[in-house]
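Take a look at the structure below.
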4 protein chains.
Amino acid sequence: MNDAAAQPLAGNPAARLLVAGASGFAGALAAQLVWRHPRLELAQVTSRSDAGRRLDELYPRYRVPLEMRELDLEGLEGIDAGIVAYPHAASAPVVAGLRGLGVQVVDLSADFRLHDRELYEKWYGPHGEPQLLADAAYGLTELNREAIGEAELVANPGCYPTAAVLALAPLAAAGLIADVSIDAIQGISGYGRGGGDDTHFVTLAENAYAYKVDAHRHTPEIQQSLAELGYQGAVTFVPHLMPLDQGELATCFVTTTREVEPGELAEMYEQRYAQEPFVKVTEAPPGVRDVRDTNECHIHLARNGDRVIALAAIDNLWKGASGQAIQNLNLMLGLDETEGLR
Amino acid sequence: MNDAAAQPLAGNPAARLLVAGASGFAGALAAQLVWRHPRLELAQVTSRSDAGRRLDELYPRYRVPLEMRELDLEGLEGIDAGIVAYPHAASAPVVAGLRGLGVQVVDLSADFRLHDRELYEKWYGPHGEPQLLADAAYGLTELNREAIGEAELVANPGCYPTAAVLALAPLAAAGLIADVSIDAIQGISGYGRGGGDDTHFVTLAENAYAYKVDAHRHTPEIQQSLAELGYQGAVTFVPHLMPLDQGELATCFVTTTREVEPGELAEMYEQRYAQEPFVKVTEAPPGVRDVRDTNECHIHLARNGDRVIALAAIDNLWKGASGQAIQNLNLMLGLDETEGLR
Amino acid sequence: MNDAAAQPLAGNPAARLLVAGASGFAGALAAQLVWRHPRLELAQVTSRSDAGRRLDELYPRYRVPLEMRELDLEGLEGIDAGIVAYPHAASAPVVAGLRGLGVQVVDLSADFRLHDRELYEKWYGPHGEPQLLADAAYGLTELNREAIGEAELVANPGCYPTAAVLALAPLAAAGLIADVSIDAIQGISGYGRGGGDDTHFVTLAENAYAYKVDAHRHTPEIQQSLAELGYQGAVTFVPHLMPLDQGELATCFVTTTREVEPGELAEMYEQRYAQEPFVKVTEAPPGVRDVRDTNECHIHLARNGDRVIALAAIDNLWKGASGQAIQNLNLMLGLDETEGLR
Amino acid sequence: MNDAAAQPLAGNPAARLLVAGASGFAGALAAQLVWRHPRLELAQVTSRSDAGRRLDELYPRYRVPLEMRELDLEGLEGIDAGIVAYPHAASAPVVAGLRGLGVQVVDLSADFRLHDRELYEKWYGPHGEPQLLADAAYGLTELNREAIGEAELVANPGCYPTAAVLALAPLAAAGLIADVSIDAIQGISGYGRGGGDDTHFVTLAENAYAYKVDAHRHTPEIQQSLAELGYQGAVTFVPHLMPLDQGELATCFVTTTREVEPGELAEMYEQRYAQEPFVKVTEAPPGVRDVRDTNECHIHLARNGDRVIALAAIDNLWKGASGQAIQNLNLMLGLDETEGLR
């Protein structure tokens with residue numbers, strides 16, 4: 001087979017891209033999505049742990065025939081935009097360096113998601129580049145499209161907040177949430193590439209468990225978004241790991257401020273998401289397999305006794321990370337939001 | 001290999017057993033547990049759909065070398081006790097027939113779980129043998145040990161109620177529950193042996209979804225138990241299917257009537273369950289793999305913001321069905337509760 | 001979300017397609033591949049068992065928003081080509097009916113794969129339309145490209161023959177095979193949508209086993225292809241089922257007619273497959289995950305003692321069925337072979 | 001729950017046991033099997049990597065409430081027998097040290113399996129304690145029961161040799177093998193506890209691949225056993241990893257020295273294994289799930305064209321490692337071979 005080393009670009013690229021941290025799960029998928037994007041050129045992929053290896057050796061299924069290098073900010077040239085897939089804290093200085101070079105950035109880490117520095121530092125420790133916080137647009141596309149389109153730095157949301165907030169946004173905006181508990185499950189790719197015993201196949205086969213039961217860092221991020229939509233109250237969030245690769249499902253138990261009829265619920269959600277290219281309100285509870293390897297979010301609403309149950313299924317690596325990053329990048333570059341994502 | 005056709009009984013059997021409906025998942029495990037029980041004799045296994053087949057042909061791993069017959073209540077002789085593993089509605093007349101012969105019964109169906117006939121009929125349809133409702137002891141062993149020991153008919157609990165109520169009982173008994181939402185996940189064996197597309201490997205691999213989101217029949221059963229413990233309020237319950245075989249995890253989001261310190265929680269649970277042979281309070285959130293193929297229930301408590309999170313993991317076929325059936329049968333027969341279950 | 005009911009066709013369709021038997025696994029994927037194909041119009045999908053249901057209700061992940069009908073050969077109009085995904089024996093009359101209407105056909109069943117009617121009837125029973133056998137081109141694209149391009153009826157190969165023959169073809173053509181045993185494993189989608197106990201998640205989780213150990217119907221199909229390439233000897237073939245959804249791996253143990261150096265092997269395979277768009281010779285043993293959801297076949301060769309080991313990995317539903325069907329259809333219609341498959 | 005810290009021993013222990021290397025998969029299961037063994041006392045568990053941790057913290061499902069220590073050969077007292085679960089090369093000196101103290105040893109590594117030092121060193125590198133080779137009995141129990149019963153040092157077989165040789169032994173002993181290729185699949189526990197990317201859940205979900213295709217170290221071990229049974233010819237062996245936890249299946253393709261009727265095959269195997277407590281000849285091809293968590297080996301024979309296919313399924317951690325270690329230890333200590341294994 002002739003492994004085409006040339007990227008399948010259609011016409012002149014709208015931007016030349018760097019993917020930094022391409023050896024992790026989200027970074028590798030981001031690299032693939034850029035590689036096969038009709039308008040983006042994948043100019044460089046970097047890795048701290050795997051510099052010198054080809055990306056398609058590490059992830060054959062992504063078929064990106066490029067060698068990963070060490071990131072060299074000083075020698076960087078001809079890059080228009082970057083996707084940074086570093087862990088929190090490690091990401092901020094790289095983002096700052098790229099921004100200093102005038103490079104547009106989508107950051108997959110938590111470093112620029114919380115507007116409030118103090119809140120960030122309470123959950124994540126010292127912030128290395130707090131001066132950039134004010135510039136960062138929060139990248140939950142469906143909630144913040146305009147700001148993203150004008151931003152030079154987008155903080156891509158966490159996977160759990162993406163699912164949970166899309167499930168709850170219409171209720172929050174309508175002032176209907178009195179209280180909410182969010183139970184979520186995620187596939188193992190959400191844990192990341194490391195993990196030792198924790199991510200060993202033998203640990204996870206036929207297993208399922210909750211983690212971070214007392215407090216998970218995505219809680220303040222969910223609260224921030226819901227607050228902006230109008231719900232200022234408490235949020236309880238408990239995540240679980242399940243024996244599957246990709247996939248995320250949020251089950252939200254909502255106490256409402258008044259009784260809501262099922263018909264009203266359906267209409268509210270249908271209307272809110274009718275024009276969204278990636279959000280679908282489904283008649284049956286969605287399975288994570290329905291959205292696997294897509295940027296879609298499938299949402300289902302139900303009444304259960306006095307409560308409203310809001311369900312949202314996404315692929316944690318796509319809409320929960322790299323797919324949404326491309327969606328945001330498209331907006332930043334003035335491209336159609338869906339380009340490269342169908 | 002010499003497939004010992006003789007049952008490994010130690011001494012005279014305490015009872016001769018019938019397992020009716022042995023070709024289903026719960027019935028087959030019940031048959032195995034009786035077969036290898038040191039004090040019980042497995043006298044007969046019956047099946048409607050697979051009469052004429054050997055049980056170890058259908059389930060090689062259970063190693064019960066008996067042929068299943070059609071149940072013949074009129075010709076039944078020499079049976080002291082029976083485990084009935086029929087679907088609801090189909091179970092009641094079989095239970096009645098066995099009781100008419102003086103046979104002690106543990107019923108795995110829902111038919112005798114709800115004390116209130118009207119409530120039963122609202123969720124399940126007409127009840128065929130309502131006159132037996134008053135005699136049936138509810139078989140959540142840890143809550144009802146004394147009544148079970150004196151009963152001739154035990155209604156074995158549903159798997160979800162077993163996990164959820166064990167997770168919540170100390171809080172309910174202490175009057176600490178103001179409101180509760182229960183999110184639960186279960187392996188596919190909980191769906192049962194049929195299912196067609198729904199239980200096909202291809203449907204479930206890399207999938208996960210909620211079902212019966214608006215109302216699941218185990219909700220009134222959970223409410224009944226919590227009410228007896230002192231909590232009369234609403235219960236919201238949403239179950240999910242996950243791509244694993246055996247295992248069940250209940251995650252309970254509890255709004256408490258007053259602030260509860262983590263230390264108080266720990267002490268309350270440790271004390272309540274200290275003498276229980278099968279309930280363990282764990283320091284880390286339990287995985288369903290930890291309890292697989294055992295009759296144990298592992299419980300973990302945490303504070304998350306203002307809420308209390310109560311987690312319980314069981315094997316849905318063991319403590320959630322056939323293991324608990326043996327535990328109850330042991331009590332009914334005056335044997336040690338743990339016999340045949342270690 | 002605006003579920004585009006319109007097909008994403010680029011320009012005028014090259015052909016209007018019928019997919020008959022679209023409710024099975026291979027038929028459903030074929031429908032999706034036609035649906036998203038830039039040059040084909042999916043005019044009709046039919047099903048015997050699920051007529052009246054929408055295909056995207058049955059398979060949400062394929063996103064084909066068409067209702068399946070009963071196949072009505074008499075009322076069929078405006079169809080240029082058809083993919084028939086029926087079981088063997090049921091397929092032949094449908095194929096004959098379509099051919100009678102002048103419709104070009106790719107048949108996924110075994111009915112037209114074996115050139116020799118007697119051989120077919122020995123393995124499959126009476127053949128309903130033997131007069132069509134002479135017209136059918138065998139659709140292992142890489143071996144038979146020219147004939148496929150000129151055919152009106154293509155018999156799409158079995159999944160096992162596709163993997164095994166691609167792994168062995170260069171050795172067979174070079175007269176190097178003295179004897180061969182083929183061990184193959186397949187995911188559960190290869191079993192098909194039915195199955196009852198056999199395909200139940202609980203049967204297959206943590207399981208693996210061989211089947212048809214004494215004789216599998218794909219053996220004569222493999223022999224036919226190898227014979228045409230020059231190897232007339234015996235073929236031993238044993239298939240296995242593994243707990244995964246899609247994927248197939250053939251491990252061929254070849255006794256060679258003379259000693260073959262690893263370098264010679266590598267050169268022979270590289271040269272044979274250099275121009276093939278979907279066959280890749282890999283440096284490491286291929287994993288089925290590497291080719292999942294693609295039409296690729298990854299091949300690896302090694303010497304083990306005196307034997308040559310030839311490995312081939314494909315996705316059984318793609319290159320092993322519906323992907324290869326599109327590849328063949330492209331050739332029949334004069335389109336680029338890879339169209340709609342990248 | 002009262003976590004009984006006391007071991008459930010029946011009467012005086014027949015021996016006080018050390019399990020060295022208890023933090024690996026095989027060592028941990030060996031510790032559990034000793035812990036629950038009615039006649040063995042688990043006196044000490046050691047680990048190089050996890051000294052100071054409790055075994056039931058690392059492996060909750062094994063329920064062994066002992067703390068692992070560093071192995072201290074000099075301070076060792078009151079130990080009658082040891083199971084050593086170290087990697088090859090690391091094992092030999094520990095075995096030598098224990099033997100020097102008069103401790104009976106079952107060694108799970110490869111260090112004492114091959115009788116011929118040169119052969120060992122060709123595959124594994126320098127041998128640290130070659131003087132012990134002559135004393136070691138090869139622990140494939142069914143082939144070597146007498147020598148094991150008299151040995152002070154038993155080399156427990158590899159998992160692949162256990163399955164393959166049990167599948168082939170009757171044919172080899174009857175002089176019926178002319179040539180043999182062995183294809184085997186194994187669950188991920190066979191890879192061991194480490195592995196990084198190689199054993200990450202995400203690498204293995206929905207994957208399957210061959211490894212060590214040119215040469216695997218278990219080949220000479222299989223050859224050694226078959227040679228002792230009378231087959232001196234070549235052996236081709238190719239192993240694969242599959243997405244399951246425990247389980248191993250060997251599929252042997254045998255060219256026979258003369259035609260063998262199926263009836264003759266069946267009789268030969270039935271007769272050979274009739275008295276074996278753990279070997280069963282099955283009527284259908286065995287699934288690895290049938291033998292999971294047991295010390296059994298299920299064997300099935302078939303004719304496929306001119307070849308004989310011999311299949312054997314075991315649990316790689318039980319009969320393929322720790323279960324067989326206990327079986328051997330029972331013999332060394334004069335106990336019933338099956339004690340603690342039913």
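Residue names in the structure tokens use chain letters A, B, ... in the order shown, residue numbers from 1 in each chain, and ligand numbers from 1 in the order shown.
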**OP:** Output as a PyMOL selection string the set of chain C residues within 8 Å of chain D, with distances taken over only C-alpha atoms.
**Re:** chain C and resi 181+183+205-211+213-215+234+236-237+242-247+249+253+285-289+302-305+307+309
Original post:
Could you name the residues that touch segment 162-174 of chain A at 6 Å or less, counting only C-alpha atoms, but leaving out those on the same chain fewer than 2 positions away, as a PyMOL selection string?
Top reply: chain A and resi 159-160+176-177+229-231+250+310+312
**OP:** Give me the residues within 6 Å of Ile79 of chain D as a VMD selection string, counting only C-alpha atoms and dropping any in the same chain fewer than 2 places off.
**Re:** chain D and resid 16 to 17 77 81
Store the residues picked out above, limited to N, CA and C atoms, as a PDB file, in the first residue's frame.
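The result, stored in selection-v3.pdb:
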ATOM      1  N   ARG D  16       4.100 -25.206  56.265  1.00  0.00           N
ATOM      2  CA  ARG D  16       4.042 -23.742  56.381  1.00  0.00           C
ATOM      3  C   ARG D  16       4.671 -23.157  55.117  1.00  0.00           C
ATOM      4  N   LEU D  17       3.934 -22.287  54.464  1.00  0.00           N
ATOM      5  CA  LEU D  17       4.304 -21.852  53.124  1.00  0.00           C
ATOM      6  C   LEU D  17       4.790 -20.412  53.044  1.00  0.00           C
ATOM      7  N   GLU D  77      12.579 -18.392  58.769  1.00  0.00           N
ATOM      8  CA  GLU D  77      12.467 -19.476  59.761  1.00  0.00           C
ATOM      9  C   GLU D  77      11.111 -20.141  59.669  1.00  0.00           C
ATOM     10  N   ALA D  81       7.846 -25.001  52.793  1.00  0.00           N
ATOM     11  CA  ALA D  81       7.799 -25.033  51.332  1.00  0.00           C
ATOM     12  C   ALA D  81       7.549 -23.633  50.801  1.00  0.00           C
TER      13      ALA D  81
END
So that I can check the secondary structure, give me every residue of segment 265-299 of chain A assigned alpha helix (DSSP H) by backbone DSSP, as a PDB file with N, CA, C and O atoms, in the first residue's frame.
ATOM      1  N   LEU A 265     -40.875  20.052  28.445  1.00  0.00           N
ATOM      2  CA  LEU A 265     -39.454  19.692  28.421  1.00  0.00           C
ATOM      3  C   LEU A 265     -38.997  19.438  26.989  1.00  0.00           C
ATOM      4  O   LEU A 265     -37.975  19.961  26.533  1.00  0.00           O
ATOM      5  N   ALA A 266     -39.758  18.589  26.311  1.00  0.00           N
ATOM      6  CA  ALA A 266     -39.395  18.213  24.951  1.00  0.00           C
ATOM      7  C   ALA A 266     -39.309  19.442  24.067  1.00  0.00           C
ATOM      8  O   ALA A 266     -38.336  19.634  23.330  1.00  0.00           O
ATOM      9  N   GLU A 267     -40.307  20.293  24.174  1.00  0.00           N
ATOM     10  CA  GLU A 267     -40.326  21.479  23.312  1.00  0.00           C
ATOM     11  C   GLU A 267     -39.142  22.401  23.611  1.00  0.00           C
ATOM     12  O   GLU A 267     -38.500  22.937  22.714  1.00  0.00           O
ATOM     13  N   MET A 268     -38.881  22.580  24.915  1.00  0.00           N
ATOM     14  CA  MET A 268     -37.780  23.454  25.321  1.00  0.00           C
ATOM     15  C   MET A 268     -36.453  22.988  24.730  1.00  0.00           C
ATOM     16  O   MET A 268     -35.676  23.776  24.194  1.00  0.00           O
ATOM     17  N   TYR A 269     -36.212  21.693  24.782  1.00  0.00           N
ATOM     18  CA  TYR A 269     -34.930  21.160  24.299  1.00  0.00           C
ATOM     19  C   TYR A 269     -34.868  21.132  22.774  1.00  0.00           C
ATOM     20  O   TYR A 269     -33.863  21.494  22.173  1.00  0.00           O
ATOM     21  N   GLU A 270     -35.967  20.725  22.164  1.00  0.00           N
ATOM     22  CA  GLU A 270     -35.993  20.700  20.701  1.00  0.00           C
ATOM     23  C   GLU A 270     -35.700  22.099  20.151  1.00  0.00           C
ATOM     24  O   GLU A 270     -34.918  22.263  19.216  1.00  0.00           O
ATOM     25  N   GLN A 271     -36.322  23.066  20.768  1.00  0.00           N
ATOM     26  CA  GLN A 271     -36.175  24.421  20.283  1.00  0.00           C
ATOM     27  C   GLN A 271     -34.754  24.948  20.499  1.00  0.00           C
ATOM     28  O   GLN A 271     -34.144  25.524  19.608  1.00  0.00           O
ATOM     29  N   ARG A 272     -34.249  24.700  21.686  1.00  0.00           N
ATOM     30  CA  ARG A 272     -32.913  25.202  22.008  1.00  0.00           C
ATOM     31  C   ARG A 272     -31.845  24.636  21.069  1.00  0.00           C
ATOM     32  O   ARG A 272     -30.906  25.325  20.667  1.00  0.00           O
ATOM     33  N   TYR A 273     -32.011  23.339  20.729  1.00  0.00           N
ATOM     34  CA  TYR A 273     -30.927  22.693  19.996  1.00  0.00           C
ATOM     35  C   TYR A 273     -31.242  22.452  18.512  1.00  0.00           C
ATOM     36  O   TYR A 273     -30.465  21.800  17.814  1.00  0.00           O
ATOM     37  N   VAL A 288     -23.783   5.310  24.482  1.00  0.00           N
ATOM     38  CA  VAL A 288     -22.538   5.990  24.098  1.00  0.00           C
ATOM     39  C   VAL A 288     -22.039   5.474  22.749  1.00  0.00           C
ATOM     40  O   VAL A 288     -21.329   6.163  22.027  1.00  0.00           O
ATOM     41  N   ARG A 289     -22.431   4.254  22.408  1.00  0.00           N
ATOM     42  CA  ARG A 289     -22.028   3.718  21.105  1.00  0.00           C
ATOM     43  C   ARG A 289     -22.642   4.520  19.945  1.00  0.00           C
ATOM     44  O   ARG A 289     -22.069   4.600  18.867  1.00  0.00           O
ATOM     45  N   ASP A 290     -23.811   5.124  20.202  1.00  0.00           N
ATOM     46  CA  ASP A 290     -24.471   5.918  19.150  1.00  0.00           C
ATOM     47  C   ASP A 290     -23.632   7.111  18.712  1.00  0.00           C
ATOM     48  O   ASP A 290     -23.796   7.605  17.593  1.00  0.00           O
ATOM     49  N   VAL A 291     -22.806   7.625  19.617  1.00  0.00           N
ATOM     50  CA  VAL A 291     -22.044   8.841  19.305  1.00  0.00           C
ATOM     51  C   VAL A 291     -20.546   8.575  19.192  1.00  0.00           C
ATOM     52  O   VAL A 291     -19.756   9.509  19.018  1.00  0.00           O
TER      53      VAL A 291
END
Original post:
Which residues come within 6 Å of segment 67-72 of chain B, counting only C-alpha atoms, excluding same-chain residues fewer than 2 positions away, as a list of chain:residue names?
Top reply: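 The contact residues come out as B:Val45, B:Thr46, B:Ser47, B:Arg48, B:Ala51, B:Gly52, B:Arg53, B:Arg54, B:Glu74, B:Gly75.
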Save out the residues we just selected, N, CA, C and O atoms, as a CSV table (one decimal), in the first residue's frame.
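Resulting contents of result.csv:
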chain,number,residue,atom,x,y,z
B,45,VAL,N,-34.1,-30.3,39.2
B,45,VAL,CA,-34.1,-29.0,38.5
B,45,VAL,C,-35.1,-29.1,37.4
B,45,VAL,O,-35.2,-30.1,36.6
B,46,THR,N,-35.8,-28.0,37.2
B,46,THR,CA,-36.8,-28.0,36.2
B,46,THR,C,-36.7,-26.8,35.3
B,46,THR,O,-36.0,-25.8,35.7
B,47,SER,N,-37.2,-26.9,34.1
B,47,SER,CA,-37.2,-25.8,33.1
B,47,SER,C,-38.3,-25.9,32.2
B,47,SER,O,-38.7,-27.0,31.8
B,48,ARG,N,-38.9,-24.8,31.8
B,48,ARG,CA,-40.0,-24.8,30.9
B,48,ARG,C,-39.4,-24.9,29.4
B,48,ARG,O,-39.9,-25.6,28.6
B,51,ALA,N,-36.4,-28.3,29.1
B,51,ALA,CA,-36.6,-29.6,29.7
B,51,ALA,C,-36.0,-30.7,28.8
B,51,ALA,O,-36.1,-30.6,27.6
B,52,GLY,N,-35.3,-31.6,29.4
B,52,GLY,CA,-34.6,-32.7,28.6
B,52,GLY,C,-33.1,-32.4,28.4
B,52,GLY,O,-32.4,-33.3,28.1
B,53,ARG,N,-32.7,-31.2,28.6
B,53,ARG,CA,-31.2,-30.9,28.5
B,53,ARG,C,-30.6,-31.0,29.9
B,53,ARG,O,-31.2,-30.8,30.9
B,54,ARG,N,-29.3,-31.3,29.9
B,54,ARG,CA,-28.6,-31.3,31.1
B,54,ARG,C,-28.1,-29.9,31.4
B,54,ARG,O,-27.8,-29.1,30.5
B,74,GLU,N,-48.0,-32.1,40.6
B,74,GLU,CA,-48.8,-33.2,41.1
B,74,GLU,C,-47.9,-34.4,41.5
B,74,GLU,O,-48.2,-35.2,42.4
B,75,GLY,N,-46.9,-34.6,40.7
B,75,GLY,CA,-46.0,-35.8,40.9
B,75,GLY,C,-44.9,-35.5,41.8
B,75,GLY,O,-44.0,-36.4,42.0
Original post:
Could you pull the residues within 7 Å of Val154 of chain A, counting only C-alpha atoms, minus those fewer than 3 positions along the same chain, as number ranges by chain?
Top reply: A: 105-107, 136-139, 148, 151
Could you please take those selected residues and save C-alpha atoms as a short mmCIF file (atom, residue, chain, number, x, y, z; two decimals), in the first residue's frame?
data_model
loop_
_atom_site.label_atom_id
_atom_site.label_comp_id
_atom_site.auth_asym_id
_atom_site.auth_seq_id
_atom_site.Cartn_x
_atom_site.Cartn_y
_atom_site.Cartn_z
CA VAL A 105 -4.43 28.46 20.65
CA VAL A 106 -7.01 25.91 21.71
CA ASP A 107 -5.89 24.56 25.07
CA ALA A 136 -9.48 33.04 27.26
CA ALA A 137 -12.90 32.16 25.87
CA TYR A 138 -14.52 29.09 27.39
CA GLY A 139 -14.92 26.63 24.55
CA ILE A 148 -15.01 31.77 20.60
CA ALA A 151 -10.92 34.71 20.62
#
Original post:
Excluding same-chain residues fewer than 3 positions from Glu152 of chain A, what lies within 12 Å of it counting only C-alpha atoms, as number ranges by chain?
Top reply: A: 80-83, 95-96, 98-107, 132-139, 147-149, 155, 328-329, 331-333
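Interatomic distance, atom CA of Tyr62 of chain D to atom CA of Gln327 of chain D: 18.8 Å.
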Original post:
Any idea what the distance is between atom CA of Ile326 of chain C and atom CA of Arg117 of chain C?
Top reply: 26.3 Å
**OP:** Identify, with DSSP run on backbone atoms, the residues in segment 61-299 of chain D assigned to strand (DSSP E or B), and express the list as a ChimeraX atom specification.
**Re:** /D:67,69,81-84,104-107,137-138,153-155,177-186,200,209-210,235-241,248-256,279-281,297-299
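Here atom CA of Cys297 of chain A stands at a distance of 4.9 Å from atom CA of Ile314 of chain A.
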